[in-house]
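One structure below.
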Amino acid sequence: ETTKKGKAAAAHAAENFSREKVAQLVKTRLTRMSLPHSPPPRILVGTGPFGSFRENLKDVARTYDVLSVGEEEGDIRWACEKDTFQDILERLPDGWQPDLVLWLCHYHPIPQGIEHSPFPTVAAVGDWNLLFTSFKDDLKRFDRIVTDKAGVEMLRHAGFENVDYWPMFSYDVFQHRRIENTKRIYDVVMIGNFNHDVQHERSYWLHRLAKLKNRFDIHLLCGIYGEDYTRLLNQA
């Protein structure tokens, strides 16, 4: 009888977390939120390669109990062509169960069976303007969805009510930082996507900026990442 009551209490707590805490979690940056957990909430994050998000994971791990999932990197390894979400759960350390599963959906595979997760799931969606038609059905498999402001509007118009705003690609403390004693040698540096079909409004501003090259030292670049990205920004 005691065991039954314990299971019932655990189920009730999980239901409350799913319905109330997930919404709170995704509306606030992970490193700034405060949830009534002791020990810290456990977050399972998938899937790598994580790229620039790798350092953010390390930062989040200073406050929360985080495990990452990836094919080539991560605490838990998986093969998307054969492994299911249940396979991932079975590879977790003994006694470790996530309070939340956060999955980076843009350009990454989504494991089969994640819709049956016993833990709350959140899909983090980037580049929805390019990828929406390819993963719109997969998004239905998650409890919550987070994306940028324009994506929230688009997804709600498409019928998704469980979507919230999360600034995934905003200020990054690991990249947008000052490098001491760096000489400024450019007037303007812009690093980003030049594809007119993707960044329609940006292309017009870049065209106007480029016409000033005879008066200013202007560098418009793409495909620059990591420390090179940070260094170039510091040189302007």
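For the structure tokens, the naming scheme is as follows: chains receive sequential letters (A, B, ...) according to their order of presentation, residues are indexed from 1 within each chain, and ligands are indexed from 1 in presentation order.
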
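For region 189-191 of chain A, the set of protein, DNA and RNA residues having any atom at most 7 Å away, when counting only C-alpha atoms and skipping those fewer than 6 positions along the same chain, is Ile218, His219, Leu220, Leu221, Cys222, Ile224, Leu233 and Ala236 of chain A.
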
Kindly save the residues from that selection, with N, CA and C atoms included, as a PDB file, in the first residue's frame.
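Done, and the output landed in out-v1.pdb:
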```
ATOM      1  N   ILE A 218      35.078  48.376 -44.180  1.00  0.00           N
ATOM      2  CA  ILE A 218      33.921  47.546 -43.871  1.00  0.00           C
ATOM      3  C   ILE A 218      34.191  46.100 -44.262  1.00  0.00           C
ATOM      4  N   HIS A 219      33.945  45.185 -43.338  1.00  0.00           N
ATOM      5  CA  HIS A 219      34.129  43.754 -43.607  1.00  0.00           C
ATOM      6  C   HIS A 219      32.793  43.043 -43.384  1.00  0.00           C
ATOM      7  N   LEU A 220      32.261  42.474 -44.449  1.00  0.00           N
ATOM      8  CA  LEU A 220      31.033  41.685 -44.396  1.00  0.00           C
ATOM      9  C   LEU A 220      31.415  40.236 -44.651  1.00  0.00           C
ATOM     10  N   LEU A 221      31.183  39.387 -43.662  1.00  0.00           N
ATOM     11  CA  LEU A 221      31.710  38.027 -43.701  1.00  0.00           C
ATOM     12  C   LEU A 221      30.634  37.013 -43.349  1.00  0.00           C
ATOM     13  N   CYS A 222      30.851  35.779 -43.770  1.00  0.00           N
ATOM     14  CA  CYS A 222      29.980  34.665 -43.375  1.00  0.00           C
ATOM     15  C   CYS A 222      30.838  33.437 -43.128  1.00  0.00           C
ATOM     16  N   ILE A 224      32.051  32.311 -40.308  1.00  0.00           N
ATOM     17  CA  ILE A 224      33.067  32.496 -39.271  1.00  0.00           C
ATOM     18  C   ILE A 224      32.453  32.116 -37.926  1.00  0.00           C
ATOM     19  N   LEU A 233      34.857  40.491 -34.180  1.00  0.00           N
ATOM     20  CA  LEU A 233      33.988  41.494 -33.597  1.00  0.00           C
ATOM     21  C   LEU A 233      34.764  42.471 -32.723  1.00  0.00           C
ATOM     22  N   ALA A 236      36.611  45.544 -34.507  1.00  0.00           N
ATOM     23  CA  ALA A 236      35.841  46.637 -35.116  1.00  0.00           C
ATOM     24  C   ALA A 236      35.408  47.654 -34.058  1.00  0.00           C
TER      25      ALA A 236
END
```

| task | Give me every alpha helix (DSSP H) residue in region 135-218 of chain A, going by DSSP on the backbone, as number ranges by chain. | result | A: 135-139, 149-157, 200-210

| said: Which of region 41-194 of chain A end up as strand (DSSP E or B) when DSSP is run on this backbone - answer as a VMD selection string? | reply: chain A and resid 42 to 48 65 to 70 76 to 77 84 100 to 104 112 121 to 124 144 to 147 163 to 165 188 to 191

| field | Nearby residues (only C-alpha atoms) at most 7 Å from region 76-90 of chain A, same-chain spacing under 6 positions excluded, as a ChimeraX atom specification | value | /A:68-70,109,111-114

| task | Could you tell me how far CA of Val198 (chain A) lies from CA of Asp127 (chain A), in Å and to one decimal? | result |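 If I compute the distance from CA of Val198 (chain A) to CA of Asp127 (chain A), I get 9.2 Å.
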
Which residues of region 153-209 of chain A have any atom within 12 Å of an atom in region 139-143 of chain A when counting only C-alpha atoms, and what is the closest pair of atoms for each, with the distance in Å to one decimal? Order the rows by chain and rising number and write it as a Markdown table.
```
| residue | atom | partner | partner_atom | distance |
| --- | --- | --- | --- | --- |
| A:Leu155 | CA | A:Leu139 | CA | 10.0 |
| A:Ala158 | CA | A:Leu139 | CA | 11.5 |
| A:Gly159 | CA | A:Lys140 | CA | 10.3 |
| A:Phe160 | CA | A:Lys140 | CA | 8.2 |
| A:Glu161 | CA | A:Asp143 | CA | 10.4 |
| A:Asn162 | CA | A:Asp143 | CA | 7.1 |
| A:Val163 | CA | A:Asp143 | CA | 9.2 |
| A:Asp164 | CA | A:Asp143 | CA | 11.3 |
```

Could you write those residues out with N, CA, C and O atoms, as a PDB file, in the first residue's frame?
```
ATOM      1  N   LEU A 155       3.970  29.478 -35.774  1.00  0.00           N
ATOM      2  CA  LEU A 155       3.536  28.181 -35.274  1.00  0.00           C
ATOM      3  C   LEU A 155       2.125  28.239 -34.701  1.00  0.00           C
ATOM      4  O   LEU A 155       1.330  27.312 -34.894  1.00  0.00           O
ATOM      5  N   ALA A 158      -0.179  28.164 -37.406  1.00  0.00           N
ATOM      6  CA  ALA A 158      -0.255  26.819 -37.981  1.00  0.00           C
ATOM      7  C   ALA A 158      -1.000  25.840 -37.084  1.00  0.00           C
ATOM      8  O   ALA A 158      -1.126  24.660 -37.438  1.00  0.00           O
ATOM      9  N   GLY A 159      -1.471  26.312 -35.930  1.00  0.00           N
ATOM     10  CA  GLY A 159      -2.279  25.454 -35.074  1.00  0.00           C
ATOM     11  C   GLY A 159      -1.594  24.942 -33.828  1.00  0.00           C
ATOM     12  O   GLY A 159      -2.203  24.191 -33.053  1.00  0.00           O
ATOM     13  N   PHE A 160      -0.334  25.353 -33.592  1.00  0.00           N
ATOM     14  CA  PHE A 160       0.380  24.906 -32.392  1.00  0.00           C
ATOM     15  C   PHE A 160       0.104  25.895 -31.261  1.00  0.00           C
ATOM     16  O   PHE A 160       0.502  27.050 -31.334  1.00  0.00           O
ATOM     17  N   GLU A 161      -0.563  25.425 -30.221  1.00  0.00           N
ATOM     18  CA  GLU A 161      -0.872  26.288 -29.085  1.00  0.00           C
ATOM     19  C   GLU A 161       0.171  26.170 -27.969  1.00  0.00           C
ATOM     20  O   GLU A 161       0.248  27.039 -27.102  1.00  0.00           O
ATOM     21  N   ASN A 162       0.959  25.105 -28.009  1.00  0.00           N
ATOM     22  CA  ASN A 162       1.924  24.838 -26.937  1.00  0.00           C
ATOM     23  C   ASN A 162       3.304  25.397 -27.278  1.00  0.00           C
ATOM     24  O   ASN A 162       4.326  24.730 -27.122  1.00  0.00           O
ATOM     25  N   VAL A 163       3.366  26.628 -27.768  1.00  0.00           N
ATOM     26  CA  VAL A 163       4.627  27.227 -28.194  1.00  0.00           C
ATOM     27  C   VAL A 163       4.907  28.486 -27.374  1.00  0.00           C
ATOM     28  O   VAL A 163       4.000  29.255 -27.058  1.00  0.00           O
ATOM     29  N   ASP A 164       6.183  28.674 -27.011  1.00  0.00           N
ATOM     30  CA  ASP A 164       6.605  29.817 -26.214  1.00  0.00           C
ATOM     31  C   ASP A 164       7.852  30.446 -26.829  1.00  0.00           C
ATOM     32  O   ASP A 164       8.594  29.806 -27.590  1.00  0.00           O
TER      33      ASP A 164
END
```

| request: Counting only C-alpha atoms, figure out which residue out of A:Asp75, A:Asp59, A:Asp137, A:Asp172 gets nearest to Tyr229 (chain A). | output: A:Asp172

Excluding region 145-147 of chain A and residues on its chain fewer than 3 positions from it, collect all residues at most 6 Å away from it, counting only C-alpha atoms, and give them as a compact mmCIF listing (two decimals) with all heavy atoms, in the first residue's frame.
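Okay, this is what ended up in around00.txt:
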```txt
# COMPACT_ATOMS: atom_id res chain seq x y z
N VAL A 122 10.56 19.25 -24.47
CA VAL A 122 10.51 20.57 -25.10
C VAL A 122 11.33 20.53 -26.38
O VAL A 122 12.49 20.09 -26.38
CB VAL A 122 11.07 21.66 -24.17
CG1 VAL A 122 11.10 23.01 -24.89
CG2 VAL A 122 10.23 21.77 -22.90
N ALA A 123 10.74 20.98 -27.48
CA ALA A 123 11.43 21.08 -28.76
C ALA A 123 11.93 22.50 -28.95
O ALA A 123 11.13 23.45 -28.93
CB ALA A 123 10.51 20.68 -29.90
N ALA A 124 13.24 22.67 -29.11
CA ALA A 124 13.82 23.98 -29.41
C ALA A 124 13.99 24.08 -30.92
O ALA A 124 14.70 23.27 -31.52
CB ALA A 124 15.16 24.14 -28.70
N VAL A 125 13.34 25.06 -31.53
CA VAL A 125 13.24 25.13 -32.99
C VAL A 125 13.94 26.38 -33.52
O VAL A 125 13.56 27.51 -33.19
CB VAL A 125 11.77 25.14 -33.44
CG1 VAL A 125 11.68 25.28 -34.95
CG2 VAL A 125 11.07 23.86 -32.98
N GLY A 151 8.74 32.98 -35.02
CA GLY A 151 8.38 31.58 -35.06
C GLY A 151 7.18 31.25 -34.20
O GLY A 151 6.34 30.42 -34.55
N VAL A 163 3.37 26.63 -27.77
CA VAL A 163 4.63 27.23 -28.19
C VAL A 163 4.91 28.49 -27.37
O VAL A 163 4.00 29.26 -27.06
CB VAL A 163 4.60 27.55 -29.71
CG1 VAL A 163 3.45 28.46 -30.06
CG2 VAL A 163 5.91 28.16 -30.16
N ASP A 164 6.18 28.67 -27.01
CA ASP A 164 6.61 29.82 -26.21
C ASP A 164 7.85 30.45 -26.83
O ASP A 164 8.59 29.81 -27.59
CB ASP A 164 6.93 29.39 -24.77
CG ASP A 164 5.70 28.91 -24.03
OD1 ASP A 164 4.84 29.75 -23.72
OD2 ASP A 164 5.60 27.69 -23.78
N TYR A 165 8.08 31.70 -26.45
CA TYR A 165 9.26 32.43 -26.94
C TYR A 165 10.47 32.10 -26.10
O TYR A 165 10.42 32.09 -24.88
CB TYR A 165 8.98 33.93 -26.89
CG TYR A 165 10.21 34.80 -27.07
CD1 TYR A 165 10.97 34.71 -28.23
CD2 TYR A 165 10.60 35.69 -26.07
CE1 TYR A 165 12.09 35.51 -28.39
CE2 TYR A 165 11.72 36.49 -26.22
CZ TYR A 165 12.46 36.39 -27.39
OH TYR A 165 13.58 37.18 -27.55
N TRP A 166 11.59 31.83 -26.77
CA TRP A 166 12.87 31.61 -26.11
C TRP A 166 13.97 32.15 -27.01
O TRP A 166 14.10 31.69 -28.15
CB TRP A 166 13.09 30.12 -25.84
CG TRP A 166 14.30 29.82 -24.99
CD1 TRP A 166 14.77 30.54 -23.95
CD2 TRP A 166 15.18 28.69 -25.12
NE1 TRP A 166 15.87 29.95 -23.40
CE2 TRP A 166 16.16 28.83 -24.11
CE3 TRP A 166 15.25 27.61 -25.99
CZ2 TRP A 166 17.18 27.90 -23.94
CZ3 TRP A 166 16.27 26.69 -25.82
CH2 TRP A 166 17.21 26.82 -24.80
```
